[in-house]
Every structure is written in structure tokens, then in C-alpha cells.
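Next up, entry-v1.tsv (TSV, C-alpha atoms and all ligand atoms):
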chain	number	residue	atom	x	y	z
R	350	MET	CA	9.99	-245.73	-73.03
R	351	ARG	CA	12.29	-243.26	-74.75
R	352	GLY	CA	12.74	-239.53	-74.31
R	353	SER	CA	15.11	-237.19	-72.61
R	354	SER	CA	16.36	-238.28	-69.21
R	355	HIS	CA	16.81	-234.79	-67.77
R	356	ARG	CA	13.87	-232.65	-66.70
R	357	GLN	CA	12.82	-230.14	-69.35
R	358	ARG	CA	10.28	-227.37	-69.64
R	359	ILE	CA	8.23	-228.20	-72.69
R	360	LEU	CA	5.71	-226.10	-74.59
R	361	VAL	CA	2.97	-227.94	-76.46
R	362	THR	CA	0.94	-225.67	-78.75
R	363	GLY	CA	-2.44	-227.27	-79.44
R	364	GLY	CA	-1.93	-229.25	-76.23
R	365	ALA	CA	-5.66	-229.56	-75.51
R	366	GLY	CA	-6.33	-231.33	-78.81
R	367	PHE	CA	-6.39	-235.02	-79.65
R	368	LEU	CA	-2.66	-235.61	-80.16
R	369	GLY	CA	-1.59	-232.71	-77.93
R	370	SER	CA	-3.39	-234.01	-74.84
R	371	HIS	CA	-1.79	-237.45	-75.19
R	372	LEU	CA	1.58	-235.79	-75.71
R	373	CYS	CA	1.20	-233.61	-72.58
R	374	GLU	CA	0.29	-236.71	-70.58
R	375	ARG	CA	3.29	-238.60	-71.87
R	376	LEU	CA	5.73	-235.75	-71.18
R	377	LEU	CA	4.43	-235.29	-67.64
R	378	GLY	CA	4.83	-239.03	-67.15
R	379	GLU	CA	8.49	-238.67	-68.14
R	380	GLY	CA	8.98	-236.08	-65.40
R	381	HIS	CA	8.98	-232.90	-67.50
R	382	ASP	CA	7.27	-229.57	-66.88
R	383	VAL	CA	4.59	-229.03	-69.50
R	384	VAL	CA	3.08	-225.77	-70.68
R	385	CYS	CA	-0.01	-226.31	-72.81
R	386	VAL	CA	-1.06	-223.44	-75.05
R	387	ASP	CA	-4.44	-223.72	-76.76
R	388	ASN	CA	-7.27	-221.50	-77.96
R	389	PHE	CA	-9.81	-224.36	-77.65
R	390	PHE	CA	-10.93	-224.11	-81.25
R	391	THR	CA	-11.05	-227.89	-81.67
R	392	GLY	CA	-9.44	-228.92	-78.40
R	393	SER	CA	-11.19	-228.97	-75.05
R	394	LYS	CA	-10.60	-228.79	-71.34
R	395	GLU	CA	-12.10	-232.28	-71.03
R	396	ASN	CA	-9.14	-233.62	-72.98
R	397	ILE	CA	-6.73	-232.34	-70.32
R	398	LEU	CA	-9.04	-232.52	-67.32
R	399	SER	CA	-6.92	-235.08	-65.51
R	400	LEU	CA	-3.80	-232.94	-66.04
R	401	LEU	CA	-5.16	-229.63	-64.72
R	402	SER	CA	-4.34	-230.44	-61.11
R	403	HIS	CA	-0.88	-231.80	-61.92
R	404	PRO	CA	1.83	-229.70	-60.24
R	405	ARG	CA	4.06	-229.73	-63.33
R	406	PHE	CA	1.26	-228.84	-65.77
R	407	GLU	CA	0.37	-225.31	-66.81
R	408	LEU	CA	-2.43	-224.28	-69.16
R	409	ILE	CA	-2.39	-221.00	-71.07
R	410	ARG	CA	-5.46	-220.06	-73.08
R	411	HIS	CA	-3.83	-218.28	-75.98
R	412	ASP	CA	-4.16	-217.98	-79.72
R	413	ILE	CA	-0.83	-218.78	-81.33
R	414	THR	CA	-1.48	-216.31	-84.16
R	415	MET	CA	-0.60	-213.74	-81.46
R	416	PRO	CA	2.98	-213.54	-80.13
R	417	LEU	CA	3.88	-215.38	-76.96
R	418	PHE	CA	6.90	-214.89	-74.70
R	419	ILE	CA	7.92	-217.87	-72.64
R	420	GLU	CA	11.10	-219.68	-71.56
R	421	VAL	CA	11.20	-223.35	-72.52
R	422	ASP	CA	13.66	-226.05	-73.64
R	423	ARG	CA	11.43	-227.78	-76.17
R	424	ILE	CA	8.47	-226.77	-78.34
R	425	TYR	CA	6.05	-229.14	-80.00
R	426	ASN	CA	4.10	-227.05	-82.51
R	427	LEU	CA	0.79	-228.90	-82.90
R	428	ALA	CA	-1.69	-226.01	-82.95
R	429	CYS	CA	-3.86	-226.30	-86.06
R	430	PRO	CA	-7.26	-227.83	-86.78
R	431	ALA	CA	-6.57	-231.16	-88.44
R	432	SER	CA	-9.67	-232.35	-90.29
R	433	PRO	CA	-11.24	-230.74	-93.39
R	434	VAL	CA	-14.51	-229.89	-91.66
R	435	HIS	CA	-12.63	-227.91	-89.03
R	436	TYR	CA	-9.84	-226.37	-91.07
R	437	GLN	CA	-12.23	-225.24	-93.80
R	438	TYR	CA	-14.55	-223.61	-91.26
R	439	ASN	CA	-12.30	-220.56	-91.23
R	440	ALA	CA	-9.72	-221.10	-93.96
R	441	ILE	CA	-7.98	-217.77	-93.40
R	442	LYS	CA	-7.59	-218.54	-89.72
R	443	THR	CA	-6.17	-221.96	-90.61
R	444	ILE	CA	-3.43	-220.57	-92.80
R	445	LYS	CA	-2.75	-217.82	-90.26
R	446	THR	CA	-2.33	-220.47	-87.57
R	447	ASN	CA	0.06	-222.39	-89.80
R	448	VAL	CA	2.12	-219.40	-90.88
R	449	MET	CA	1.90	-216.80	-88.08
R	450	GLY	CA	1.56	-219.46	-85.38
R	451	THR	CA	4.68	-221.20	-86.66
R	452	ILE	CA	6.57	-217.89	-86.89
R	453	HIS	CA	5.66	-217.15	-83.26
R	454	ALA	CA	6.69	-220.63	-82.13
R	455	LEU	CA	9.95	-220.30	-84.07
R	456	GLY	CA	10.46	-216.84	-82.56
R	457	ILE	CA	10.38	-218.39	-79.09
R	458	ALA	CA	12.77	-221.16	-80.19
R	459	LYS	CA	15.18	-218.60	-81.64
R	460	ARG	CA	15.06	-216.30	-78.61
R	461	VAL	CA	15.55	-218.94	-75.92
R	462	ARG	CA	17.45	-221.48	-78.06
R	463	ALA	CA	14.79	-224.14	-77.64
R	464	ARG	CA	14.48	-227.12	-79.93
R	465	ILE	CA	11.24	-227.09	-81.94
R	466	LEU	CA	9.29	-229.89	-83.62
R	467	GLN	CA	6.74	-229.09	-86.29
R	468	ALA	CA	3.69	-231.38	-86.57
R	469	SER	CA	3.48	-231.55	-90.34
R	470	THR	CA	1.26	-233.86	-92.30
R	471	SER	CA	1.01	-236.40	-95.10
R	472	GLU	CA	-1.16	-233.76	-96.79
R	473	VAL	CA	2.03	-231.97	-97.88
R	474	TYR	CA	2.19	-234.73	-100.53
R	475	GLY	CA	-1.21	-233.59	-101.82
R	476	ASP	CA	-2.65	-235.91	-104.43
R	477	PRO	CA	0.54	-237.91	-105.00
R	478	GLU	CA	1.70	-239.57	-108.21
R	479	VAL	CA	3.87	-242.04	-106.28
R	480	HIS	CA	2.90	-244.67	-103.70
R	481	PRO	CA	3.91	-244.97	-100.97
R	482	GLN	CA	5.39	-241.52	-100.43
R	483	ARG	CA	8.95	-241.13	-99.25
R	484	GLU	CA	10.18	-237.90	-97.69
R	485	THR	CA	12.14	-237.08	-100.84
R	486	TYR	CA	8.91	-236.72	-102.84
R	487	TRP	CA	7.94	-233.05	-103.21
R	488	GLY	CA	4.24	-233.63	-103.52
R	489	ARG	CA	1.44	-232.50	-105.80
R	490	VAL	CA	-0.62	-229.87	-104.06
R	491	ASN	CA	-3.25	-227.59	-105.52
R	492	PRO	CA	-2.27	-224.09	-104.31
R	493	ILE	CA	-5.73	-222.57	-104.88
R	494	GLY	CA	-8.17	-225.24	-103.71
R	495	ILE	CA	-10.30	-225.47	-100.59
R	496	ARG	CA	-7.72	-227.73	-98.93
R	497	SER	CA	-4.86	-225.33	-99.63
R	498	CYS	CA	-5.23	-223.40	-96.36
R	499	TYR	CA	-4.14	-226.61	-94.65
R	500	ASP	CA	-1.89	-228.33	-97.23
R	501	GLU	CA	-0.07	-225.18	-98.32
R	502	GLY	CA	-0.18	-223.84	-94.77
R	503	LYS	CA	1.71	-226.91	-93.57
R	504	ARG	CA	4.13	-226.66	-96.49
R	505	ALA	CA	4.78	-223.03	-95.59
R	506	ALA	CA	5.33	-224.07	-91.98
R	507	GLU	CA	7.97	-226.60	-93.12
R	508	CYS	CA	9.57	-223.88	-95.24
R	509	LEU	CA	9.69	-221.57	-92.21
R	510	MET	CA	11.30	-224.30	-90.11
R	511	MET	CA	14.04	-224.74	-92.70
R	512	ASP	CA	14.63	-221.00	-93.18
R	513	TYR	CA	14.91	-220.36	-89.42
R	514	HIS	CA	17.33	-223.25	-89.27
R	515	ARG	CA	19.49	-222.07	-92.19
R	516	GLN	CA	19.36	-218.37	-91.35
R	517	ASN	CA	19.32	-218.40	-87.56
R	518	GLY	CA	20.62	-221.82	-86.63
R	519	VAL	CA	17.38	-222.82	-84.88
R	520	ASP	CA	17.36	-226.48	-83.86
R	521	VAL	CA	14.34	-227.77	-85.81
R	522	LYS	CA	12.64	-231.12	-86.43
R	523	ILE	CA	9.87	-231.90	-88.90
R	524	ALA	CA	7.51	-234.86	-88.52
R	525	ARG	CA	4.97	-235.68	-91.24
R	526	ILE	CA	2.05	-237.30	-89.49
R	527	PHE	CA	-0.22	-239.75	-91.29
R	528	ASN	CA	-3.77	-240.74	-90.22
R	529	THR	CA	-3.85	-241.26	-86.48
R	530	TYR	CA	-6.76	-242.46	-84.35
R	531	GLY	CA	-7.55	-243.15	-80.73
R	532	PRO	CA	-9.39	-241.86	-77.67
R	533	ARG	CA	-10.10	-238.09	-77.69
R	534	MET	CA	-10.51	-237.83	-81.43
R	535	ALA	CA	-13.23	-235.29	-82.04
R	536	LEU	CA	-16.61	-236.90	-82.39
R	537	ASP	CA	-17.68	-234.73	-85.27
R	538	ASP	CA	-14.73	-234.19	-87.55
R	539	GLY	CA	-15.61	-236.60	-90.35
R	540	ARG	CA	-12.70	-238.96	-89.87
R	541	VAL	CA	-13.44	-242.47	-90.96
R	542	VAL	CA	-12.52	-244.26	-87.70
R	543	SER	CA	-14.56	-242.00	-85.42
R	544	ASN	CA	-17.42	-241.83	-87.95
R	545	PHE	CA	-17.73	-245.60	-88.17
R	546	ILE	CA	-17.48	-246.12	-84.43
R	547	VAL	CA	-20.09	-243.47	-83.65
R	548	GLN	CA	-22.43	-244.76	-86.35
R	549	ALA	CA	-22.03	-248.31	-85.05
R	550	LEU	CA	-22.59	-247.34	-81.41
R	551	ARG	CA	-25.77	-245.48	-82.41
R	552	GLY	CA	-26.96	-248.37	-84.54
R	553	GLU	CA	-27.01	-246.12	-87.60
R	554	ASP	CA	-26.09	-247.17	-91.12
R	555	ILE	CA	-22.36	-247.11	-91.77
R	556	THR	CA	-21.65	-245.13	-94.89
R	557	VAL	CA	-18.97	-246.51	-97.19
R	558	TYR	CA	-18.05	-244.58	-100.31
R	559	GLY	CA	-17.48	-246.57	-103.47
R	560	GLU	CA	-17.15	-250.33	-102.96
R	561	GLY	CA	-15.02	-249.87	-99.89
R	562	THR	CA	-12.00	-251.42	-101.60
R	563	GLN	CA	-9.89	-248.29	-101.23
R	564	THR	CA	-7.27	-248.74	-98.56
R	565	ARG	CA	-6.17	-246.53	-95.68
R	566	SER	CA	-3.61	-246.97	-92.95
R	567	PHE	CA	-4.26	-246.02	-89.36
R	568	CYS	CA	-1.75	-245.32	-86.63
R	569	TYR	CA	-2.78	-245.67	-83.00
R	570	VAL	CA	-2.17	-242.54	-80.96
R	571	ASP	CA	0.29	-244.14	-78.49
R	572	ASP	CA	2.52	-245.18	-81.38
R	573	MET	CA	2.35	-241.67	-82.85
R	574	ILE	CA	3.31	-240.04	-79.55
R	575	GLU	CA	6.23	-242.44	-79.26
R	576	GLY	CA	7.31	-241.40	-82.78
R	577	LEU	CA	6.99	-237.69	-82.07
R	578	THR	CA	9.02	-237.86	-78.85
R	579	ALA	CA	11.64	-240.06	-80.54
R	580	MET	CA	11.95	-237.47	-83.31
R	581	MET	CA	12.21	-234.61	-80.81
R	582	GLU	CA	15.02	-236.37	-78.94
R	583	SER	CA	16.81	-237.61	-82.06
R	584	GLU	CA	20.41	-236.52	-82.63
R	585	ARG	CA	21.02	-232.83	-83.25
R	586	GLY	CA	21.17	-232.08	-86.94
R	587	PHE	CA	18.63	-234.73	-87.92
R	588	ILE	CA	15.90	-232.39	-89.10
R	589	GLY	CA	13.78	-234.71	-91.18
R	590	PRO	CA	11.22	-234.40	-92.55
R	591	VAL	CA	10.34	-237.85	-91.35
R	592	ASN	CA	7.13	-239.77	-92.09
R	593	LEU	CA	5.32	-241.13	-89.04
R	594	GLY	CA	2.38	-243.45	-89.59
R	595	ASN	CA	1.33	-247.05	-89.79
R	596	PRO	CA	2.14	-248.65	-93.16
R	597	GLU	CA	-0.31	-251.53	-92.67
R	598	GLU	CA	-3.23	-251.15	-95.09
R	599	PHE	CA	-6.88	-251.94	-94.51
R	600	THR	CA	-9.77	-251.63	-96.90
R	601	ILE	CA	-12.52	-249.29	-95.78
R	602	ARG	CA	-14.98	-252.16	-96.00
R	603	ARG	CA	-12.87	-254.29	-93.68
R	604	LEU	CA	-12.67	-251.40	-91.22
R	605	ALA	CA	-16.47	-251.06	-91.26
R	606	GLU	CA	-16.97	-254.80	-90.75
R	607	THR	CA	-14.44	-254.90	-87.92
R	608	VAL	CA	-16.09	-251.97	-86.14
R	609	ILE	CA	-19.54	-253.58	-86.47
R	610	LYS	CA	-18.20	-256.86	-85.09
R	611	MET	CA	-16.33	-255.24	-82.20
R	612	THR	CA	-19.22	-253.01	-81.13
R	613	GLY	CA	-21.77	-255.82	-81.53
R	614	SER	CA	-23.82	-253.31	-83.52
R	615	SER	CA	-26.90	-253.95	-85.62
R	616	SER	CA	-25.69	-251.31	-88.13
R	617	LYS	CA	-25.78	-252.11	-91.82
R	618	ILE	CA	-23.15	-250.98	-94.31
R	619	VAL	CA	-24.59	-248.71	-97.01
R	620	TYR	CA	-22.66	-247.81	-100.13
R	621	ARG	CA	-22.60	-244.31	-101.65
R	622	PRO	CA	-20.88	-243.07	-104.83
R	623	LEU	CA	-17.16	-242.45	-104.49
R	624	PRO	CA	-16.27	-238.75	-104.55
R	625	PRO	CA	-13.99	-237.88	-107.49
R	626	ASP	CA	-10.93	-236.94	-105.43
R	627	ASP	CA	-11.01	-239.90	-103.05
R	628	PRO	CA	-7.54	-241.47	-103.22
R	629	VAL	CA	-7.34	-245.20	-103.86
R	630	GLN	CA	-4.51	-245.66	-101.45
R	631	ARG	CA	-2.59	-243.70	-98.86
R	632	ARG	CA	0.24	-245.38	-97.05
R	633	PRO	CA	3.40	-244.00	-95.46
R	634	ASP	CA	6.88	-245.22	-96.25
R	635	ILE	CA	8.50	-245.25	-92.81
R	636	THR	CA	11.94	-246.56	-93.78
R	637	LEU	CA	13.58	-243.34	-92.59
R	638	ALA	CA	11.84	-243.40	-89.19
R	639	LYS	CA	12.87	-247.05	-88.76
R	640	GLU	CA	16.48	-246.30	-89.64
R	641	ARG	CA	16.99	-243.00	-87.82
R	642	LEU	CA	14.58	-243.26	-84.89
R	643	ASP	CA	14.37	-247.03	-84.51
R	644	TRP	CA	10.63	-246.46	-84.55
R	645	SER	CA	7.74	-248.38	-86.00
R	646	PRO	CA	4.13	-248.72	-84.85
R	647	ARG	CA	3.35	-251.60	-82.52
R	648	VAL	CA	-0.36	-251.43	-81.71
R	649	PRO	CA	-2.47	-253.69	-83.96
R	650	LEU	CA	-5.66	-252.17	-85.38
R	651	GLU	CA	-8.04	-254.32	-83.32
R	652	LYS	CA	-6.31	-253.40	-80.06
R	653	GLY	CA	-6.35	-249.69	-80.88
R	654	LEU	CA	-9.94	-249.90	-82.03
R	655	ALA	CA	-10.98	-251.57	-78.77
R	656	LYS	CA	-9.59	-248.63	-76.76
R	657	THR	CA	-11.18	-246.11	-79.11
R	658	ILE	CA	-14.57	-247.85	-79.00
R	659	ASP	CA	-14.36	-247.90	-75.21
R	660	TYR	CA	-13.71	-244.14	-75.19
R	661	PHE	CA	-16.62	-243.31	-77.50
R	662	SER	CA	-19.05	-245.62	-75.74
R	663	LYS	CA	-18.39	-243.76	-72.48
R	664	LEU	CA	-18.69	-240.39	-74.21
R	665	LEU	CA	-21.86	-240.97	-76.17
R	666	PRO	CA	-24.43	-241.10	-73.37
R	667	GLU	CA	-23.18	-237.72	-72.11
R	668	VAL	CA	-23.73	-236.01	-75.44
R	669	GLY	CA	-27.21	-237.40	-75.94
R	670	THR	CA	-28.39	-237.87	-79.48
R	671	GLY	CA	-26.17	-235.35	-81.24
R	672	PRO	CA	-22.43	-234.93	-81.50
R	673	ARG	CA	-20.52	-232.54	-79.30
R	674	PRO	CA	-20.26	-229.08	-80.85
R	675	ALA	CA	-17.09	-228.82	-82.92
R	676	GLY	CA	-15.47	-226.12	-80.83
R	677	PRO	CA	-16.13	-226.71	-77.15
R	678	GLY	CA	-14.81	-223.25	-76.45
R	679	SER	CA	-17.20	-221.70	-78.93
R	680	GLY	CA	-20.21	-223.87	-78.26
R	681	ARG	CA	-21.15	-223.47	-81.92
R	682	ARG	CA	-21.80	-226.18	-84.42
R	683	LYS	CA	-19.56	-225.78	-87.42
R	684	PRO	CA	-20.66	-226.02	-91.03
R	685	GLY	CA	-20.53	-229.54	-92.40
R	686	VAL	CA	-21.33	-230.93	-88.98
R	687	SER	CA	-24.88	-232.15	-89.12
R	688	LYS	CA	-26.87	-233.20	-86.10
R	689	ARG	CA	-26.22	-236.81	-86.95
R	690	GLY	CA	-22.54	-236.44	-87.60
R	691	VAL	CA	-20.52	-235.27	-90.49
R	692	ARG	CA	-21.39	-235.44	-94.13
R	693	GLY	CA	-18.53	-235.95	-96.48
R	694	LYS	CA	-16.12	-238.59	-97.48
R	695	HIS	CA	-13.45	-240.57	-95.78
R	696	ASP	CA	-10.50	-238.61	-94.66
R	697	ARG	CA	-7.50	-238.84	-96.87
Q	1	LIG	N1	-4.61	-236.55	-86.14
Q	1	LIG	C1	-4.06	-236.80	-87.29
Q	1	LIG	O1	-4.33	-237.83	-87.91
Q	1	LIG	C2	-3.06	-235.82	-87.89
Q	1	LIG	C3	-2.53	-236.12	-89.16
Q	1	LIG	C4	-1.62	-235.23	-89.72
Q	1	LIG	C5	-1.21	-234.11	-89.02
Q	1	LIG	N2	-1.75	-233.84	-87.80
Q	1	LIG	C6	-1.31	-232.61	-87.13
Q	1	LIG	O2	-1.12	-232.81	-85.75
Q	1	LIG	C7	-1.55	-231.66	-85.03
Q	1	LIG	C8	-2.57	-232.06	-83.98
Q	1	LIG	O3	-3.67	-232.67	-84.63
Q	1	LIG	P1	-4.92	-233.25	-83.81
Q	1	LIG	O4	-5.43	-234.41	-84.57
Q	1	LIG	O5	-4.56	-233.40	-82.40
Q	1	LIG	O6	-5.96	-232.08	-84.02
Q	1	LIG	P2	-6.83	-231.28	-82.95
Q	1	LIG	O7	-7.74	-230.40	-83.72
Q	1	LIG	O8	-7.45	-232.23	-81.97
Q	1	LIG	O9	-5.74	-230.42	-82.18
Q	1	LIG	C9	-5.33	-229.15	-82.59
Q	1	LIG	C10	-5.29	-228.26	-81.37
Q	1	LIG	O10	-4.80	-226.97	-81.76
Q	1	LIG	C11	-5.63	-225.97	-81.17
Q	1	LIG	N3	-5.54	-224.77	-81.99
Q	1	LIG	C12	-6.01	-224.60	-83.26
Q	1	LIG	N4	-5.73	-223.35	-83.69
Q	1	LIG	C13	-5.06	-222.73	-82.67
Q	1	LIG	C14	-4.52	-221.43	-82.50
Q	1	LIG	N5	-4.61	-220.51	-83.46
Q	1	LIG	N6	-3.92	-221.12	-81.32
Q	1	LIG	C15	-3.83	-222.05	-80.33
Q	1	LIG	N7	-4.34	-223.30	-80.44
Q	1	LIG	C16	-4.94	-223.64	-81.59
Q	1	LIG	C17	-7.01	-226.59	-81.12
Q	1	LIG	O11	-7.88	-225.98	-80.20
Q	1	LIG	C18	-6.67	-228.03	-80.75
Q	1	LIG	O12	-6.60	-228.20	-79.36
Q	1	LIG	C19	-2.09	-230.68	-86.06
Q	1	LIG	O13	-1.11	-229.72	-86.35
Q	1	LIG	C20	-2.37	-231.54	-87.25
Q	1	LIG	O14	-2.26	-230.82	-88.45
Q	1	LIG	C21	-2.66	-234.68	-87.22

Output the file's structure as C-alpha cells, nothing else.
Ligand SMILES: NC(=O)c1ccc[n+]([C@@H]2O[C@H](COP(=O)([O-])OP(=O)(O)OC[C@H]3O[C@@H](n4cnc5c(N)ncnc54)[C@H](O)[C@@H]3O)[C@@H](O)[C@H]2O)c1
Amino acid sequence: MRGSSHRQRILVTGGAGFLGSHLCERLLGEGHDVVCVDNFFTGSKENILSLLSHPRFELIRHDITMPLFIEVDRIYNLACPASPVHYQYNAIKTIKTNVMGTIHALGIAKRVRARILQASTSEVYGDPEVHPQRETYWGRVNPIGIRSCYDEGKRAAECLMMDYHRQNGVDVKIARIFNTYGPRMALDDGRVVSNFIVQALRGEDITVYGEGTQTRSFCYVDDMIEGLTAMMESERGFIGPVNLGNPEEFTIRRLAETVIKMTGSSSKIVYRPLPPDDPVQRRPDITLAKERLDWSPRVPLEKGLAKTIDYFSKLLPEVGTGPRPAGPGSGRRKPGVSKRGVRGKHDR
């Protein structure tokens, strides 16, 4: 296990979310003090339940679009809804979280000279003309589309990181995260892994768009957390951006078949027309992460899926026949989240 050997005080914005909760757990395990800041839009207290009684864990319910004053050594800026169904629910709020939230996080970093890592995304590449994407590729993003609040928001956040670094000498790091899966993914956010598992566990038809020959790559959460912490503790001056993800490709059909086999489900695969903007392929080029961080994913898909299936099979009886409301804090069901799950296509 890597990471910093001396005890640090670490702020994790979005710490009650899927990735954030695993990150908090990991950092506590390394002996650090962890401050989790979250507004519970898509995160939940259940995600961090086991951490609440930990003596080195502190939870602050706070919206990062509002300023925050705190003394820390490290900041992981993860706060932002991550799937289309959630980030399109309130697009203005999404871009505010990306821009104002990042400014506030950078403000803390500047004031207390903390190092800050931005959780960016493969979506900064938009609908790319080159495969796989290297960090040097500038992307092809629609600035006025319904995804722009997220894609452009994340691009603006990267821009802010660089400007605070150039102008104020802030010690910044940028990680571009590709598709990640694992326990504590939201049940209802339309991501292909959670969708398939939930459909299989309920014995419902598994919906595959097109012929299912399009490929995706999936990184298990433990590998991603390892990558994020390695990036945070990388040598000063290595800013990135660096791609983090699993380059191994799987067809959507193979994923569906594997999930059916592993859950022992009676579900059938049904095929629906492919939406026009569904990419044929999305795969990270992780050469830079290998070279500079000595990092590459280790968890094979079947092993990661087994842990994820185990998580969802324990969760499902508690939520009865319908998925958990999208925002546990709000208790409301968000648009696009039907009673039986999420309509829509595979995540990109
Ligand atoms: N999971 C992935 O595959 C993936 C891929 C690319 C990038 N990312 C990025 O990683 C980060 C974490 O993603 P995740 O999958 O854990 O998503 P998530 O939705 O589970 O976590 C996001 C967390 O941020 C919180 N949050 C949202 N807006 C906030 C605000 N204004 N103030 C305070 N807290 C707020 C949410 O309540 C939630 O706990 C995000 O920034 C996301 O864009 C994730």
C-alpha cells in the first residue's frame, strides 16, 4: 500500500459518495485524519456509516458551492454528481459545483498551502476523434449540449486548477477518471454495471442497446482509489492531467452474459436500438500513469463483479421492489429514475 507515511489532515469533498467513501476509508486506514464534506445530493450517510464513530473521522454537511474555511494538508475535490441522470437533474447546480465548488476548494488550498487533487473525468475528451485518448488530446466537447454542465464544468475545473497553480503557486494534481464500478455505486444512476446487476438480481430483462458489440472498460474501485492516492502523493510538480482507468475492454454483451452467469439469474438479454450518440469504444491510455505513478489496475472484472454483486444482493431486500431514491438526503426520486430503474443508455 502506498501513500504518505506521515499523518495528515485530509479533506475529501464528496466524501459520502461512491468513490469518496472508499477514499475516506482508505485514508483512515493509512492513519490520517479525514474530514468529509458532503451535501448528500447523491451520497449518503449509509456509505460512511462505519466511519462515523471513527475517532479520526469528521463529517461536515456542507454545500461546496458555499465557501468553507478549514485547515488541512491535502484536499481531494470529488464533490459533483457523476452520472447523467444525476448531473442533468439540476444542470445549473452541477456547473456551479464544478466551478464555484472548485474555486472554494482551491481557495482553501491557497490559504493554507494544502495540496489539492481534482477528480476530473474522461468526459473532458467529449466525443473523441482518437482512440484511445492520451492526456495530450484536447477533446471534442459540445459546449451547449445537455452534458455540457458536467463535461464543460469539469474542463473549467481543470482550467481553474492550472490558473491557481500558475498564478498563485498552488500545488495541484489532476486525475481524469474513467468508468469505475464497485460496492456503493448508486442503485439508480443508469450506469451499465449497476443496471445489469440490479436487473439480474431482480430477474428482469437485461437491456442491451444495439447488438452489444460496443466495448467499455471498467475499473474496480479499489484500483481507482490506489491510483488517486498515488497521484496525490506523486512528486511535487507532477500536475498531470493523468488518465486513471482500466484499459481492458469488454463488449456490453459479454458483460451482460457474465452478470447473468455470476448471479445465477433467469434474466434474458433484450436488445433495443442503439442511441445515436452511443460511442463504439471508450478506453483509457494509461501509459502516463504507469510511467509516473507505477500504477495499473489489478482487479480482474470477474473478481470486482463478485464483490459488487454481493453488495447489491445485500442491499436489494432492504429497498423492496423499487430503487433507493436518488438523493438520500432529499428523499425525492429524480427525473429519469423510474420505479424499475433508470431508462437511458449505457454510460459512456
Ligand atoms: N464513478 C466514476 O466512474 C467516475 C468517472 C469519472 C469521474 N468521476 C468523478 O469522481 C467524483 C466522485 O464520483 P462518484 O462516482 O463517487 O459520484 P457520487 O455521486 O457517488 O459522489 C459525489 C459526491 O459529491 C456530493 N456532492 C455533489 N454536489 C455537492 C456539493 N455541491 N457540495 C458538497 N457535496 C456535493 C454528493 O452528495 C456525493 O456524495 C466526481 O467528481 C465524478 O465526477 C467519477

Point-to-point distance from CA of His411 in chain R to atom C5 of ligand LIG 1 (chain Q), Å rounded to tenths: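 Computed distance, CA of His411 in chain R to atom C5 of ligand LIG 1 (chain Q), equals 20.7 Å.
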
All residues having an atom within 6 Å of ligand LIG 1 (chain Q) (all atoms listed in the file) as a VMD selection string: chain R and resid 363 to 369 387 to 392 411 to 414 427 to 431 446 468 to 470 526 to 529

Between CA of Gly552 in chain R and CA of Thr564 in chain R, distance in Å (one decimal):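 Separation of CA of Gly552 in chain R and CA of Thr564 in chain R: 24.2 Å.
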
Residue neighbourhood Arg489 in chain R, 10 Å, all atoms listed in the file, exclusion window fewer than 4 positions, as a ChimeraX atom specification: /R:472-479

Give one line per residue of range 499-577 of chain R that approaches range 658-662 of chain R to at most 12 Å, naming the two atoms of the closest pair and their distance in Å to one decimal, counting only C-alpha atoms; sort by chain then ascending residue number and deliver it as a tab-separated table.
residue	atom	partner	partner_atom	distance
R:Tyr530	CA	R:Ile658	CA	10.9
R:Gly531	CA	R:Tyr660	CA	8.3
R:Pro532	CA	R:Tyr660	CA	5.5
R:Arg533	CA	R:Tyr660	CA	7.5
R:Met534	CA	R:Phe661	CA	9.1
R:Ala535	CA	R:Phe661	CA	9.8
R:Leu536	CA	R:Phe661	CA	8.1
R:Asp537	CA	R:Phe661	CA	11.6
R:Val542	CA	R:Ile658	CA	9.6
R:Ser543	CA	R:Phe661	CA	8.3
R:Asn544	CA	R:Phe661	CA	10.6
R:Phe545	CA	R:Ile658	CA	10.0
R:Ile546	CA	R:Ile658	CA	6.4
R:Val547	CA	R:Phe661	CA	7.1
R:Gln548	CA	R:Phe661	CA	10.7
R:Ala549	CA	R:Ile658	CA	9.6
R:Leu550	CA	R:Ser662	CA	6.9
R:Arg551	CA	R:Ser662	CA	9.5

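If you look at CA of Gly378 in chain R and CA of Glu507 in chain R, they are 29.0 Å away from each other.
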
Distance criterion (only C-alpha atoms): nearest to Arg504 in chain R out of R:Val421, R:Gln437, R:Glu651, R:Pro590: R:Pro590

Cut-off 8 Å around (5.9, -224.3, -75.7) with all atoms listed in the file: residues as a PDB file with C-alpha atoms, keeping the file's coordinate frame:
ATOM      1  CA  ILE R 359       8.230-228.200 -72.690  1.00  0.00           C
ATOM      2  CA  LEU R 360       5.710-226.100 -74.590  1.00  0.00           C
ATOM      3  CA  VAL R 361       2.970-227.940 -76.460  1.00  0.00           C
ATOM      4  CA  THR R 362       0.940-225.670 -78.750  1.00  0.00           C
ATOM      5  CA  VAL R 383       4.590-229.030 -69.500  1.00  0.00           C
ATOM      6  CA  VAL R 384       3.080-225.770 -70.680  1.00  0.00           C
ATOM      7  CA  CYS R 385      -0.010-226.310 -72.810  1.00  0.00           C
ATOM      8  CA  VAL R 386      -1.060-223.440 -75.050  1.00  0.00           C
ATOM      9  CA  ILE R 419       7.920-217.870 -72.640  1.00  0.00           C
ATOM     10  CA  VAL R 421      11.200-223.350 -72.520  1.00  0.00           C
ATOM     11  CA  ARG R 423      11.430-227.780 -76.170  1.00  0.00           C
ATOM     12  CA  ILE R 424       8.470-226.770 -78.340  1.00  0.00           C
ATOM     13  CA  TYR R 425       6.050-229.140 -80.000  1.00  0.00           C
ATOM     14  CA  ASN R 426       4.100-227.050 -82.510  1.00  0.00           C
ATOM     15  CA  ALA R 454       6.690-220.630 -82.130  1.00  0.00           C
TER      16      ALA R 454
END

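Each of R:Met449, R:Met510, R:Ala638, R:Leu376 was checked against Pro416 in chain R using all atoms listed in the file; the smallest atom-to-atom distance is that of R:Met449.
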
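Comparing the minimum interatomic distances between Thr636 in chain R and each of R:Ser402, R:Thr485, R:Ser370, R:Gln563, counting all atoms listed in the file, we find that R:Thr485 sits nearest.
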
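When all atoms listed in the file are used to measure the gap to Arg483 in chain R, the shortest distance among R:Arg525, R:Lys656, R:Asn396, R:Arg641 belongs to R:Arg525.
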